[in-house]
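A.B. asks: upload_32.pdb is reproduced below (PDB, C-alpha atoms and all ligand atoms).
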```pdb
ATOM      1  CA  MET U   6       0.000   0.000   0.000
ATOM      2  CA  ASN U   7       1.001   3.633  -0.475
ATOM      3  CA  LYS U   8       3.631   4.370   2.237
ATOM      4  CA  THR U   9       2.422   7.933   2.947
ATOM      5  CA  ILE U  10      -1.102   6.636   3.564
ATOM      6  CA  GLU U  11       0.236   3.722   5.620
ATOM      7  CA  GLU U  12       2.163   6.085   7.880
ATOM      8  CA  ALA U  13      -0.795   8.467   8.243
ATOM      9  CA  LEU U  14      -3.199   5.628   9.148
ATOM     10  CA  ASN U  15      -0.728   4.329  11.723
ATOM     11  CA  LYS U  16      -0.629   7.804  13.283
ATOM     12  CA  GLN U  17      -4.422   7.736  13.429
ATOM     13  CA  ILE U  18      -4.357   4.415  15.315
ATOM     14  CA  ASN U  19      -2.198   6.184  17.901
ATOM     15  CA  ALA U  20      -4.579   9.174  17.997
ATOM     16  CA  GLU U  21      -7.609   6.899  18.558
ATOM     17  CA  LEU U  22      -5.796   4.990  21.302
ATOM     18  CA  TYR U  23      -4.872   8.317  22.915
ATOM     19  CA  SER U  24      -8.557   9.318  22.797
ATOM     20  CA  SER U  25      -9.472   6.042  24.480
ATOM     21  CA  TYR U  26      -6.804   6.645  27.148
ATOM     22  CA  LEU U  27      -8.010  10.234  27.694
ATOM     23  CA  TYR U  28     -11.621   9.143  28.217
ATOM     24  CA  TYR U  29     -10.559   6.361  30.571
ATOM     25  CA  SER U  30      -8.679   8.981  32.600
ATOM     26  CA  MET U  31     -11.781  11.181  32.617
ATOM     27  CA  SER U  32     -13.864   8.227  33.755
ATOM     28  CA  ALA U  33     -11.610   7.875  36.825
ATOM     29  CA  TYR U  34     -11.861  11.649  37.432
ATOM     30  CA  PHE U  35     -15.689  11.557  37.399
ATOM     31  CA  HIS U  36     -15.685   8.468  39.592
ATOM     32  CA  SER U  37     -13.589  10.427  42.133
ATOM     33  CA  LEU U  38     -16.324  13.126  42.146
ATOM     34  CA  ASN U  39     -19.055  10.479  42.685
ATOM     35  CA  LEU U  40     -20.537  11.414  39.316
ATOM     36  CA  GLU U  41     -21.024   7.804  38.272
ATOM     37  CA  GLY U  42     -23.227   8.599  35.280
ATOM     38  CA  MET U  43     -20.528  10.749  33.736
ATOM     39  CA  ALA U  44     -17.952   8.051  34.574
ATOM     40  CA  THR U  45     -20.133   5.511  32.718
ATOM     41  CA  TRP U  46     -20.499   7.851  29.735
ATOM     42  CA  MET U  47     -16.676   8.116  29.612
ATOM     43  CA  LYS U  48     -16.237   4.343  29.788
ATOM     44  CA  VAL U  49     -18.563   3.922  26.804
ATOM     45  CA  GLN U  50     -16.544   6.585  24.988
ATOM     46  CA  THR U  51     -13.335   4.695  25.896
ATOM     47  CA  ALA U  52     -14.752   1.555  24.231
ATOM     48  CA  GLU U  53     -15.859   3.530  21.161
ATOM     49  CA  GLU U  54     -12.383   4.967  20.669
ATOM     50  CA  MET U  55     -10.826   1.516  21.063
ATOM     51  CA  THR U  56     -13.186   0.357  18.317
ATOM     52  CA  HIS U  57     -12.070   3.244  16.102
ATOM     53  CA  ALA U  58      -8.431   2.175  16.609
ATOM     54  CA  ALA U  59      -9.415  -1.413  15.722
ATOM     55  CA  MET U  60     -11.135  -0.225  12.547
ATOM     56  CA  PHE U  61      -7.961   1.560  11.370
ATOM     57  CA  ASN U  62      -5.862  -1.445  12.422
ATOM     58  CA  ASP U  63      -7.988  -3.929  10.458
ATOM     59  CA  TYR U  64      -8.240  -1.669   7.430
ATOM     60  CA  LEU U  65      -4.433  -1.361   7.277
ATOM     61  CA  LEU U  66      -4.042  -5.140   7.549
ATOM     62  CA  GLU U  67      -6.718  -5.744   4.917
ATOM     63  CA  ARG U  68      -4.844  -3.497   2.495
ATOM     64  CA  GLY U  69      -1.552  -5.317   3.139
ATOM     65  CA  GLY U  70      -0.140  -2.430   5.190
ATOM     66  CA  LYS U  71       2.130  -2.752   8.201
ATOM     67  CA  VAL U  72       0.720  -1.830  11.599
ATOM     68  CA  LYS U  73       3.181  -0.037  13.874
ATOM     69  CA  MET U  74       2.118   0.688  17.435
ATOM     70  CA  THR U  75       3.860   3.677  19.005
ATOM     71  CA  ALA U  76       3.967   5.218  22.495
ATOM     72  CA  ILE U  77       0.731   6.814  23.661
ATOM     73  CA  ASP U  78       0.995  10.198  25.408
ATOM     74  CA  ALA U  79      -0.194  10.380  29.009
ATOM     75  CA  PRO U  80      -3.558  12.163  29.323
ATOM     76  CA  GLU U  81      -4.447  14.744  31.964
ATOM     77  CA  THR U  82      -5.818  13.319  35.195
ATOM     78  CA  GLU U  83      -7.597  16.357  36.671
ATOM     79  CA  TRP U  84      -9.966  18.997  35.342
ATOM     80  CA  ALA U  85     -11.196  22.143  37.068
ATOM     81  CA  SER U  86     -14.874  21.052  36.930
ATOM     82  CA  PRO U  87     -17.222  18.699  35.041
ATOM     83  CA  LEU U  88     -17.843  21.565  32.602
ATOM     84  CA  ALA U  89     -14.073  22.009  32.034
ATOM     85  CA  ALA U  90     -13.747  18.270  31.314
ATOM     86  CA  PHE U  91     -16.580  18.288  28.734
ATOM     87  CA  GLU U  92     -15.189  21.475  27.172
ATOM     88  CA  ALA U  93     -11.847  19.646  26.865
ATOM     89  CA  ILE U  94     -13.666  16.764  25.117
ATOM     90  CA  TYR U  95     -15.337  19.125  22.682
ATOM     91  CA  GLU U  96     -11.979  20.720  21.833
ATOM     92  CA  HIS U  97     -10.348  17.308  21.566
ATOM     93  CA  GLU U  98     -13.007  16.027  19.173
ATOM     94  CA  GLN U  99     -12.609  19.151  17.031
ATOM     95  CA  LYS U 100      -8.905  18.300  16.765
ATOM     96  CA  VAL U 101      -9.763  14.701  15.799
ATOM     97  CA  THR U 102     -12.104  16.028  13.100
ATOM     98  CA  GLY U 103      -9.138  18.001  11.752
ATOM     99  CA  LEU U 104      -7.035  14.808  11.686
ATOM    100  CA  ILE U 105      -9.739  12.884   9.806
ATOM    101  CA  ASN U 106     -10.203  15.730   7.313
ATOM    102  CA  HIS U 107      -6.453  15.791   6.761
ATOM    103  CA  LEU U 108      -6.493  12.029   6.083
ATOM    104  CA  VAL U 109      -9.277  12.496   3.528
ATOM    105  CA  ASP U 110      -7.260  15.267   1.836
ATOM    106  CA  LEU U 111      -4.261  12.944   1.711
ATOM    107  CA  ALA U 112      -6.281  10.015   0.286
ATOM    108  CA  ILE U 113      -7.621  12.309  -2.446
ATOM    109  CA  LYS U 114      -4.138  13.683  -3.182
ATOM    110  CA  GLU U 115      -2.748  10.148  -3.465
ATOM    111  CA  SER U 116      -5.784   8.971  -5.514
ATOM    112  CA  ASP U 117      -6.448   6.282  -2.871
ATOM    113  CA  HIS U 118     -10.209   5.960  -3.410
ATOM    114  CA  ALA U 119     -10.579   2.920  -1.129
ATOM    115  CA  THR U 120      -9.070   4.819   1.810
ATOM    116  CA  ASN U 121     -11.241   7.824   1.026
ATOM    117  CA  ALA U 122     -14.341   5.575   1.080
ATOM    118  CA  PHE U 123     -13.199   3.946   4.347
ATOM    119  CA  LEU U 124     -12.713   7.375   5.953
ATOM    120  CA  GLN U 125     -16.197   8.654   5.103
ATOM    121  CA  TRP U 126     -17.711   6.748   8.045
ATOM    122  CA  PHE U 127     -15.332   8.671  10.344
ATOM    123  CA  VAL U 128     -16.279  11.998   8.727
ATOM    124  CA  SER U 129     -19.923  11.398   9.743
ATOM    125  CA  GLU U 130     -18.953   9.988  13.122
ATOM    126  CA  GLN U 131     -17.041  13.181  13.964
ATOM    127  CA  VAL U 132     -20.171  15.274  13.349
ATOM    128  CA  GLU U 133     -21.939  13.148  15.993
ATOM    129  CA  GLU U 134     -18.982  13.182  18.403
ATOM    130  CA  GLU U 135     -18.721  16.980  18.314
ATOM    131  CA  ALA U 136     -22.494  17.470  18.619
ATOM    132  CA  SER U 137     -22.770  15.100  21.549
ATOM    133  CA  ALA U 138     -19.894  16.743  23.509
ATOM    134  CA  ASP U 139     -21.192  20.234  22.725
ATOM    135  CA  GLY U 140     -24.733  19.248  23.795
ATOM    136  CA  ILE U 141     -23.459  18.216  27.227
ATOM    137  CA  VAL U 142     -21.330  21.394  27.498
ATOM    138  CA  GLN U 143     -24.460  23.505  26.859
ATOM    139  CA  LYS U 144     -26.481  21.606  29.491
ATOM    140  CA  LEU U 145     -23.689  21.960  32.064
ATOM    141  CA  LYS U 146     -23.551  25.696  31.355
ATOM    142  CA  LEU U 147     -27.311  25.925  31.926
ATOM    143  CA  VAL U 148     -27.101  24.366  35.383
ATOM    144  CA  ALA U 149     -23.948  26.401  36.194
ATOM    145  CA  GLY U 150     -22.583  23.809  38.631
ATOM    146  CA  HIS U 151     -25.775  23.666  40.753
ATOM    147  CA  GLY U 152     -26.076  20.333  42.568
ATOM    148  CA  SER U 153     -29.566  19.264  41.511
ATOM    149  CA  GLY U 154     -28.997  20.093  37.828
ATOM    150  CA  LEU U 155     -25.652  18.332  37.860
ATOM    151  CA  PHE U 156     -27.278  15.305  39.482
ATOM    152  CA  MET U 157     -29.962  15.190  36.766
ATOM    153  CA  ILE U 158     -27.400  15.400  33.958
ATOM    154  CA  ASP U 159     -25.362  12.692  35.669
ATOM    155  CA  GLN U 160     -28.410  10.421  35.818
ATOM    156  CA  GLN U 161     -29.162  11.041  32.157
ATOM    157  CA  LEU U 162     -25.582  10.232  31.086
ATOM    158  CA  ALA U 163     -25.682   7.005  33.133
ATOM    159  CA  THR U 164     -28.098   5.535  30.573
ATOM    160  CA  ARG U 165     -25.516   5.500  27.774
ATOM    161  CA  THR U 166     -24.657   2.006  26.556
ATOM    162  CA  TYR U 167     -22.078   0.805  24.087
ATOM    163  CA  THR U 168     -23.172  -0.371  20.658
ATOM    164  CA  ALA U 169     -20.471  -1.284  18.190
ATOM    165  CA  PRO U 170     -20.967   0.220  14.712
ATOM    166  CA  PRO U 171     -22.068  -2.394  12.137
ATOM    167  CA  ASN U 172     -18.798  -2.033  10.221
ATOM    168  CA  ALA U 173     -16.607  -2.492  13.335
ATOM    169  CA  PRO U 174     -14.373  -5.495  13.881
ATOM    170  CA  SER U 175     -14.694  -7.239  17.236
ATOM    171  CA  ILE U 176     -11.641  -6.473  19.365
ATOM    172  CA  PRO U 177     -11.008  -9.907  20.955
TER
HETATM  173 FE1  LIG C 201     -12.413   8.382  17.431
HETATM  174 FE2  LIG C 201     -13.780  10.537  19.269
HETATM  175  O1  LIG C 201     -13.157  10.029  17.599
END
```
Will you turn the file into structure tokens for me?
Ligand code: FEO
C.D. replies:
Amino acid sequence: MNKTIEEALNKQINAELYSSYLYYSMSAYFHSLNLEGMATWMKVQTAEEMTHAAMFNDYLLERGGKVKMTAIDAPETEWASPLAAFEAIYEHEQKVTGLINHLVDLAIKESDHATNAFLQWFVSEQVEEEASADGIVQKLKLVAGHGSGLFMIDQQLATRTYTAPPNAPSIP
């Protein structure tokens, strides 16, 4: 497979694993605040990001590329407030959208139509990821850190469950 694309997809595996690591760290942070619903939401997000990494991994292998795992940066472990944590997620997902868009640009430049087609699922997924983080940011701003509002949001986020996308490989 095209070496530039191979290298870029490997970098994306690292970025998805970092996202998974970041959300796992946030899950522990919310657990320490007794906000178990938010901790659950983060654990589901951790699993989703692991699935994204697996999708890039399997795609590379399917195309005869070489998978190279590299060191994952350590995520933050503390945030100033639940709102600050969700704002950090929103910013993080905006950065990931930029990475995906850059990959699409590269696939087009290299005339790699298969990779472009593979990436389109991630283009749509990023719209959802940004909207979902921003939605929670807006709700947290509305309650402005007040206990009962925070408790209600926490209860709502506790209902999130993990569903693998239909095109996702199983990790084990
Ligand atoms: Fe894998 Fe949150 O994007």
A.B. asks: Just checking: using all atoms listed in the file, which residue out of U:Leu124, U:Ile105, U:Ala119, U:Leu27 ends up closest to Met60 (chain U)?
C.D. replies: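 Counting all atoms listed in the file, the residue closest to Met60 (chain U) is U:Leu124.
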A.B. asks: Taking the file above as input, evaluate the PyMOL selection byres (((not hetatm)) within 6 of (chain C and resi 201)) and report the hits as an MDAnalysis selection string.
C.D. replies: chainID U and resid 21 54 57 98 134
A.B. asks: Do a neighbour search on Pro170 (chain U) at 10 Å with all atoms listed in the file, toss out local chain neighbours closer than 5 positions, and write the hits as a PyMOL selection string.
C.D. replies: chain U and resi 53+56-57+126
A.B. asks: Please report the interatomic distance between CA of Ile141 (chain U) and CA of Ala173 (chain U) in Å with one decimal.
C.D. replies: 25.9 Å
A.B. asks: Kindly give the distance, in Å, that separates CA of Asn121 (chain U) and CA of Ile10 (chain U), rounded to a single decimal.
C.D. replies: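 Going from CA of Asn121 (chain U) over to CA of Ile10 (chain U) covers 10.5 Å.
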A.B. asks: Step by step, work through what the PyMOL selection byres (((chain U and resi 76) around 10) and not hetatm) selects in the shown file, and finish by giving those residues as a PDB file with C-alpha atoms, in the frame of the given file.
C.D. replies:
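Output file result.pdb is given in full below:
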```
ATOM      1  CA  ASN U  19      -2.198   6.184  17.901  1.00  0.00           C
ATOM      2  CA  LEU U  22      -5.796   4.990  21.302  1.00  0.00           C
ATOM      3  CA  TYR U  23      -4.872   8.317  22.915  1.00  0.00           C
ATOM      4  CA  MET U  74       2.118   0.688  17.435  1.00  0.00           C
ATOM      5  CA  THR U  75       3.860   3.677  19.005  1.00  0.00           C
ATOM      6  CA  ILE U  77       0.731   6.814  23.661  1.00  0.00           C
ATOM      7  CA  ASP U  78       0.995  10.198  25.408  1.00  0.00           C
ATOM      8  CA  ALA U  79      -0.194  10.380  29.009  1.00  0.00           C
TER       9      ALA U  79
END
```
A.B. asks: I want to know what sits within 10 Å of Asn62 (chain U), based on all atoms listed in the file, with residues of the same chain fewer than 3 positions away left out; could you give that as number ranges by chain?
C.D. replies: U: 14-15, 17-18, 56-59, 65-67, 70-74, 174
A.B. asks: Which residues fall under the PyMOL selection byres (((chain U and resi 138) around 8) and not hetatm) in this file, as number ranges by chain?
C.D. replies: U: 91-92, 94-95, 134-137, 139-142
A.B. asks: Excluding Val109 (chain U) and its own-chain neighbours fewer than 6 positions away, which residues fall within 10 Å of it when counting only C-alpha atoms? Please give them as a count of residues only.
C.D. replies: 12
A.B. asks: Need to verify the contact set: Leu104 (chain U), 10 Å, all atoms listed in the file, exclusion of same-chain residues closer than 3 positions in sequence. Can you return it as number ranges by chain?
C.D. replies: U: 13, 16-17, 20, 98-101, 107-110
A.B. asks: Can you measure CA of Met157 (chain U) to CA of Ala44 (chain U) for me? One decimal in Å is fine.
C.D. replies: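 We find that CA of Met157 (chain U) and CA of Ala44 (chain U) lie 14.1 Å from each other.
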A.B. asks: Would you list the residues near (-24.9, 21.2, 38.2), meaning any protein, DNA or RNA residue with an atom at most 12 Å from that point in file coordinates, counting only C-alpha atoms, as a VMD selection string?
C.D. replies: chain U and resid 40 86 to 88 141 to 160
A.B. asks: Please list as JSON, numbers by chain every residue within 12 Å of Thr168 (chain U), counting only C-alpha atoms and excluding residues in the same chain fewer than 3 positions away.
C.D. replies: {"U": [49, 50, 52, 53, 56, 165, 171, 172, 173, 175]}
